[in-house]
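Quick notes on the structure that follows.
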Amino acid sequence: RYHDLYSLDSSGLTPNDTTNPQYLRLAYTIDNNMDAKTYGIEIASDWDVNEWWRLHSAYTFLQMETRLKENNIDLADIEGRDPHHQFSLRSRMDWGRAFEFDLWLRYVDELPSMRIKSYVTPDVRLGWKPAPALEFSIVGRNLTHHHRKEFISELINTPPTGTERSFLGKMTLSF
């Protein structure tokens, strides 16, 4: 349970300049006029299929219920800013002593207040360890989407924050 959370209230629209009424000034009040209750569950499991293959899965459910105090109108809509459901499945395979192959599949539920749709995306990694302290790897992230929105600001007119498909090469030296 949370009390006195920030809320955003509109106190009305007023012309910014009386000589040019096509511009509007938005008047907002930021206050602590909201209470909330959250509950959920997270379940995770690990399974060693055999010596060279491991699986990890996780599921998260989150429910948020907000309530405004008295006659306030919340413009921030925090209930729709977090996904209700998330799921991930990771697979890690060791091919011999030198090679590793990892696959990670993720599902994230929609974010309705930001008009962001749910998505499923895989990441993949191929690693090679020619020596115990040296590793080379190739990684592909967000392989099913060229560009995906992840956050949209409702207060400031900025472009949506997103994640693009990416590939990278990596060298790790441990000492």
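Please note that chains go A, B, ... in the order of the structure tokens, that every chain numbers its residues from 1, and that ligands are numbered from 1 in the order shown.
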Shell of 6 Å around Ala58 (chain A), only C-alpha atoms, local chain residues under 4 positions omitted, as an mmCIF file with N, CA and C atoms, in the first residue's frame:
```cif
data_model
loop_
_atom_site.group_PDB
_atom_site.id
_atom_site.type_symbol
_atom_site.label_atom_id
_atom_site.label_comp_id
_atom_site.auth_asym_id
_atom_site.auth_seq_id
_atom_site.Cartn_x
_atom_site.Cartn_y
_atom_site.Cartn_z
ATOM 1 N N ILE A 43 7.535 -15.944 -10.324
ATOM 2 C CA ILE A 43 7.897 -17.357 -10.244
ATOM 3 C C ILE A 43 9.085 -17.574 -11.173
ATOM 4 N N ALA A 44 10.113 -18.228 -10.667
ATOM 5 C CA ALA A 44 11.287 -18.514 -11.483
ATOM 6 C C ALA A 44 11.726 -19.951 -11.240
ATOM 7 N N PHE A 87 7.289 -12.552 -19.179
ATOM 8 C CA PHE A 87 7.746 -13.933 -19.193
ATOM 9 C C PHE A 87 9.096 -13.981 -19.891
ATOM 10 N N SER A 88 9.992 -14.803 -19.390
ATOM 11 C CA SER A 88 11.261 -14.990 -20.091
ATOM 12 C C SER A 88 11.698 -16.448 -19.991
#
```
Checklist entry - Which residues in region 41-74 of chain A does DSSP call strand (DSSP E or B)? List them as an MDAnalysis selection string. => result chainID A and resid 41:50 53:68
Those selected residues, please, written with N, CA and C atoms and delivered as a CSV table (one decimal), in the first residue's frame.
```
chain,number,residue,atom,x,y,z
A,41,ILE,N,3.1,-11.5,-8.3
A,41,ILE,CA,3.8,-12.7,-8.0
A,41,ILE,C,4.9,-12.8,-9.0
A,42,GLU,N,6.0,-13.4,-8.6
A,42,GLU,CA,7.1,-13.7,-9.5
A,42,GLU,C,7.5,-15.2,-9.3
A,43,ILE,N,7.5,-15.9,-10.3
A,43,ILE,CA,7.9,-17.4,-10.2
A,43,ILE,C,9.1,-17.6,-11.2
A,44,ALA,N,10.1,-18.2,-10.7
A,44,ALA,CA,11.3,-18.5,-11.5
A,44,ALA,C,11.7,-20.0,-11.2
A,45,SER,N,12.3,-20.6,-12.3
A,45,SER,CA,12.8,-21.9,-12.1
A,45,SER,C,14.0,-22.1,-12.9
A,46,ASP,N,14.9,-23.0,-12.5
A,46,ASP,CA,16.1,-23.4,-13.2
A,46,ASP,C,16.0,-24.9,-13.3
A,47,TRP,N,16.5,-25.3,-14.5
A,47,TRP,CA,16.5,-26.8,-14.8
A,47,TRP,C,17.8,-27.1,-15.5
A,48,ASP,N,18.6,-27.9,-14.9
A,48,ASP,CA,19.8,-28.5,-15.6
A,48,ASP,C,19.3,-29.7,-16.4
A,49,VAL,N,19.0,-29.5,-17.7
A,49,VAL,CA,18.6,-30.6,-18.6
A,49,VAL,C,19.6,-31.7,-18.6
A,50,ASN,N,20.8,-31.3,-18.7
A,50,ASN,CA,21.9,-32.2,-18.6
A,50,ASN,C,23.2,-31.4,-18.3
A,53,TRP,N,23.5,-28.3,-20.8
A,53,TRP,CA,22.3,-27.5,-21.2
A,53,TRP,C,21.5,-27.1,-20.0
A,54,ARG,N,21.4,-25.8,-19.8
A,54,ARG,CA,20.6,-25.3,-18.6
A,54,ARG,C,19.5,-24.4,-19.1
A,55,LEU,N,18.3,-24.5,-18.5
A,55,LEU,CA,17.2,-23.6,-18.8
A,55,LEU,C,16.8,-22.8,-17.6
A,56,HIS,N,16.4,-21.5,-17.8
A,56,HIS,CA,15.9,-20.7,-16.7
A,56,HIS,C,14.6,-20.0,-17.3
A,57,SER,N,13.5,-20.1,-16.5
A,57,SER,CA,12.3,-19.4,-16.9
A,57,SER,C,11.8,-18.6,-15.7
A,58,ALA,N,11.1,-17.5,-16.1
A,58,ALA,CA,10.5,-16.6,-15.1
A,58,ALA,C,9.2,-16.0,-15.6
A,59,TYR,N,8.3,-15.8,-14.7
A,59,TYR,CA,7.0,-15.2,-15.0
A,59,TYR,C,6.7,-14.2,-13.9
A,60,THR,N,6.3,-13.0,-14.3
A,60,THR,CA,5.9,-11.9,-13.3
A,60,THR,C,4.5,-11.4,-13.6
A,61,PHE,N,3.7,-11.3,-12.6
A,61,PHE,CA,2.4,-10.7,-12.7
A,61,PHE,C,2.4,-9.5,-11.7
A,62,LEU,N,1.9,-8.4,-12.2
A,62,LEU,CA,1.8,-7.2,-11.4
A,62,LEU,C,0.4,-6.5,-11.6
A,63,GLN,N,-0.2,-6.2,-10.5
A,63,GLN,CA,-1.5,-5.5,-10.6
A,63,GLN,C,-1.4,-4.3,-9.7
A,64,MET,N,-1.8,-3.2,-10.3
A,64,MET,CA,-1.8,-1.9,-9.5
A,64,MET,C,-3.2,-1.3,-9.6
A,65,GLU,N,-3.6,-0.8,-8.4
A,65,GLU,CA,-4.9,-0.2,-8.3
A,65,GLU,C,-4.7,1.2,-7.7
A,66,THR,N,-5.0,2.3,-8.3
A,66,THR,CA,-4.8,3.6,-7.8
A,66,THR,C,-6.2,4.3,-7.5
A,67,ARG,N,-6.1,5.2,-6.5
A,67,ARG,CA,-7.3,5.9,-6.1
A,67,ARG,C,-6.9,7.4,-5.9
A,68,LEU,N,-7.6,8.3,-6.5
A,68,LEU,CA,-7.3,9.7,-6.3
A,68,LEU,C,-8.1,10.2,-5.1
```
Next on the checklist: I'd like to know which of A:Gln86, A:Thr161, A:Tyr2, A:Ala133 is closest to Ser118 (chain A), using only C-alpha atoms.
Outcome noted: A:Gln86
Checklist entry - For Glu135 (chain A), which residue out of A:Trp104, A:Trp52, A:Tyr39, A:Phe99 is the nearest one, using only C-alpha atoms? => result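 Closest residue, counting only C-alpha atoms: A:Phe99.
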Might you pull out every residue within 7 Å of Met114 (chain A), with only C-alpha atoms counted and same-chain residues fewer than 3 positions away left off, and present them as a short mmCIF file (atom, residue, chain, number, x, y, z; two decimals) with all heavy atoms, in the first residue's frame?
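Result saved to selection30.cif:
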```cif
data_model
loop_
_atom_site.label_atom_id
_atom_site.label_comp_id
_atom_site.auth_asym_id
_atom_site.auth_seq_id
_atom_site.Cartn_x
_atom_site.Cartn_y
_atom_site.Cartn_z
N ARG A 81 1.45 2.09 -16.89
CA ARG A 81 2.86 2.31 -17.22
C ARG A 81 3.74 1.10 -16.93
O ARG A 81 4.93 1.11 -17.22
CB ARG A 81 3.40 3.50 -16.43
CG ARG A 81 2.79 4.79 -16.90
CD ARG A 81 3.35 5.96 -16.09
NE ARG A 81 3.15 7.17 -16.84
CZ ARG A 81 4.05 7.71 -17.64
NH1 ARG A 81 5.23 7.16 -17.77
NH2 ARG A 81 3.80 8.81 -18.29
N LEU A 111 1.64 -1.64 -22.59
CA LEU A 111 1.61 -0.50 -21.67
C LEU A 111 0.54 0.45 -22.19
O LEU A 111 0.82 1.34 -22.99
CB LEU A 111 2.98 0.19 -21.62
CG LEU A 111 4.16 -0.70 -21.24
CD1 LEU A 111 5.47 0.06 -21.33
CD2 LEU A 111 3.96 -1.27 -19.85
N PHE A 151 9.04 3.51 -24.13
CA PHE A 151 8.56 4.53 -23.20
C PHE A 151 8.16 5.77 -24.00
O PHE A 151 8.85 6.16 -24.94
CB PHE A 151 9.65 4.91 -22.20
CG PHE A 151 9.22 6.00 -21.24
CD1 PHE A 151 8.43 5.70 -20.15
CD2 PHE A 151 9.59 7.32 -21.45
CE1 PHE A 151 8.02 6.70 -19.28
CE2 PHE A 151 9.20 8.31 -20.59
CZ PHE A 151 8.41 8.01 -19.50
N ILE A 152 7.04 6.37 -23.61
CA ILE A 152 6.58 7.61 -24.22
C ILE A 152 6.23 8.57 -23.08
O ILE A 152 5.40 8.27 -22.23
CB ILE A 152 5.35 7.39 -25.11
CG1 ILE A 152 5.70 6.44 -26.25
CG2 ILE A 152 4.83 8.72 -25.65
CD1 ILE A 152 4.51 6.04 -27.11
#
```
Item to check | Nearby residues (only C-alpha atoms) at most 12 Å from Gly96 (chain A), same-chain spacing under 4 positions excluded, as a list in words | outcome: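 Neighbouring residues, sequence-local ones excluded: Glu51, Trp52, Trp53, Glu100, Phe101, Gly127, Trp128, Lys129 and Pro130 of chain A.
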How would the residues just picked look written out with N, CA, C and O atoms as an mmCIF file, in the first residue's frame?
```cif
data_model
loop_
_atom_site.group_PDB
_atom_site.id
_atom_site.type_symbol
_atom_site.label_atom_id
_atom_site.label_comp_id
_atom_site.auth_asym_id
_atom_site.auth_seq_id
_atom_site.Cartn_x
_atom_site.Cartn_y
_atom_site.Cartn_z
ATOM 1 N N GLU A 51 24.357 -32.059 -18.426
ATOM 2 C CA GLU A 51 25.615 -31.409 -18.080
ATOM 3 C C GLU A 51 25.900 -30.158 -18.894
ATOM 4 O O GLU A 51 26.510 -29.213 -18.417
ATOM 5 N N TRP A 52 25.475 -30.140 -20.137
ATOM 6 C CA TRP A 52 25.836 -29.051 -21.040
ATOM 7 C C TRP A 52 24.689 -28.112 -21.406
ATOM 8 O O TRP A 52 24.878 -27.146 -22.138
ATOM 9 N N TRP A 53 23.475 -28.349 -20.849
ATOM 10 C CA TRP A 53 22.321 -27.506 -21.217
ATOM 11 C C TRP A 53 21.526 -27.124 -19.972
ATOM 12 O O TRP A 53 21.115 -27.988 -19.205
ATOM 13 N N GLU A 100 29.945 -21.704 -26.300
ATOM 14 C CA GLU A 100 28.682 -21.529 -25.582
ATOM 15 C C GLU A 100 27.655 -20.941 -26.536
ATOM 16 O O GLU A 100 27.985 -20.101 -27.383
ATOM 17 N N PHE A 101 26.398 -21.369 -26.385
ATOM 18 C CA PHE A 101 25.313 -20.817 -27.193
ATOM 19 C C PHE A 101 24.157 -20.486 -26.250
ATOM 20 O O PHE A 101 23.660 -21.363 -25.539
ATOM 21 N N GLY A 127 29.470 -17.750 -27.949
ATOM 22 C CA GLY A 127 30.746 -17.423 -27.314
ATOM 23 C C GLY A 127 31.793 -18.498 -27.560
ATOM 24 O O GLY A 127 31.475 -19.679 -27.688
ATOM 25 N N TRP A 128 33.044 -18.059 -27.607
ATOM 26 C CA TRP A 128 34.177 -18.960 -27.795
ATOM 27 C C TRP A 128 35.243 -18.589 -26.777
ATOM 28 O O TRP A 128 35.646 -17.436 -26.668
ATOM 29 N N LYS A 129 35.704 -19.598 -25.991
ATOM 30 C CA LYS A 129 36.752 -19.408 -24.987
ATOM 31 C C LYS A 129 37.989 -20.197 -25.410
ATOM 32 O O LYS A 129 38.112 -21.375 -25.076
ATOM 33 N N PRO A 130 38.911 -19.549 -26.121
ATOM 34 C CA PRO A 130 40.117 -20.270 -26.521
ATOM 35 C C PRO A 130 41.055 -20.520 -25.336
ATOM 36 O O PRO A 130 41.910 -21.398 -25.409
#
```
If we count only C-alpha atoms, what is near Arg148 (chain A) at a cut-off of 9 Å, once residues fewer than 5 positions away on the same chain are taken out, given as an mmCIF file with N, CA, C and O atoms, in the first residue's frame?
```cif
data_model
loop_
_atom_site.group_PDB
_atom_site.id
_atom_site.type_symbol
_atom_site.label_atom_id
_atom_site.label_comp_id
_atom_site.auth_asym_id
_atom_site.auth_seq_id
_atom_site.Cartn_x
_atom_site.Cartn_y
_atom_site.Cartn_z
ATOM 1 N N ILE A 116 1.770 1.462 -26.037
ATOM 2 C CA ILE A 116 2.844 0.569 -26.473
ATOM 3 C C ILE A 116 2.299 -0.849 -26.447
ATOM 4 O O ILE A 116 1.782 -1.304 -25.427
ATOM 5 N N TYR A 119 5.045 -7.291 -26.756
ATOM 6 C CA TYR A 119 6.011 -7.796 -27.723
ATOM 7 C C TYR A 119 6.700 -9.049 -27.200
ATOM 8 O O TYR A 119 6.738 -9.306 -26.008
ATOM 9 N N ASN A 142 17.190 -8.109 -29.631
ATOM 10 C CA ASN A 142 15.915 -7.639 -30.187
ATOM 11 C C ASN A 142 15.786 -8.018 -31.664
ATOM 12 O O ASN A 142 15.503 -7.187 -32.515
ATOM 13 N N THR A 161 11.167 6.742 -26.430
ATOM 14 C CA THR A 161 12.393 6.007 -26.176
ATOM 15 C C THR A 161 12.179 4.587 -26.683
ATOM 16 O O THR A 161 11.134 4.001 -26.455
ATOM 17 N N GLY A 162 13.170 4.062 -27.372
ATOM 18 C CA GLY A 162 12.991 2.737 -27.930
ATOM 19 C C GLY A 162 14.267 1.928 -27.928
ATOM 20 O O GLY A 162 15.321 2.393 -27.513
ATOM 21 N N THR A 163 14.127 0.724 -28.416
ATOM 22 C CA THR A 163 15.244 -0.201 -28.536
ATOM 23 C C THR A 163 15.303 -0.676 -29.980
ATOM 24 O O THR A 163 14.285 -1.020 -30.561
ATOM 25 N N GLU A 164 16.483 -0.671 -30.524
ATOM 26 C CA GLU A 164 16.663 -1.127 -31.897
ATOM 27 C C GLU A 164 17.316 -2.506 -31.911
ATOM 28 O O GLU A 164 17.976 -2.907 -30.961
ATOM 29 N N ARG A 165 17.119 -3.206 -33.017
ATOM 30 C CA ARG A 165 17.845 -4.456 -33.242
ATOM 31 C C ARG A 165 19.324 -4.114 -33.269
ATOM 32 O O ARG A 165 19.732 -3.105 -33.832
#
```
Item to check | Proximity to Arg141 (chain A) - best of A:Glu79, A:Asp109, A:Asp102, A:Asp35, only C-alpha atoms | outcome: A:Asp102
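Interatomic distance, CA of Ser91 (chain A) to CA of Lys170 (chain A): 19.7 Å.
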Next on the checklist: Ranking A:Thr158, A:Arg1, A:Leu105, A:Ala98 by minimum distance to Gly140 (chain A) and counting only C-alpha atoms, which one comes first?
Outcome noted: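 The shortest atom-to-atom distance to Gly140 (chain A) comes from A:Leu105.
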Checklist outcome for this item: note - CA of Leu5 (chain A) and CA of Asn33 (chain A) are separated by 6.3 Å
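When only C-alpha atoms are used to measure the gap to Asp82 (chain A), the shortest distance among A:Asp94, A:Glu150, A:Asn32, A:Leu173 belongs to A:Glu150.
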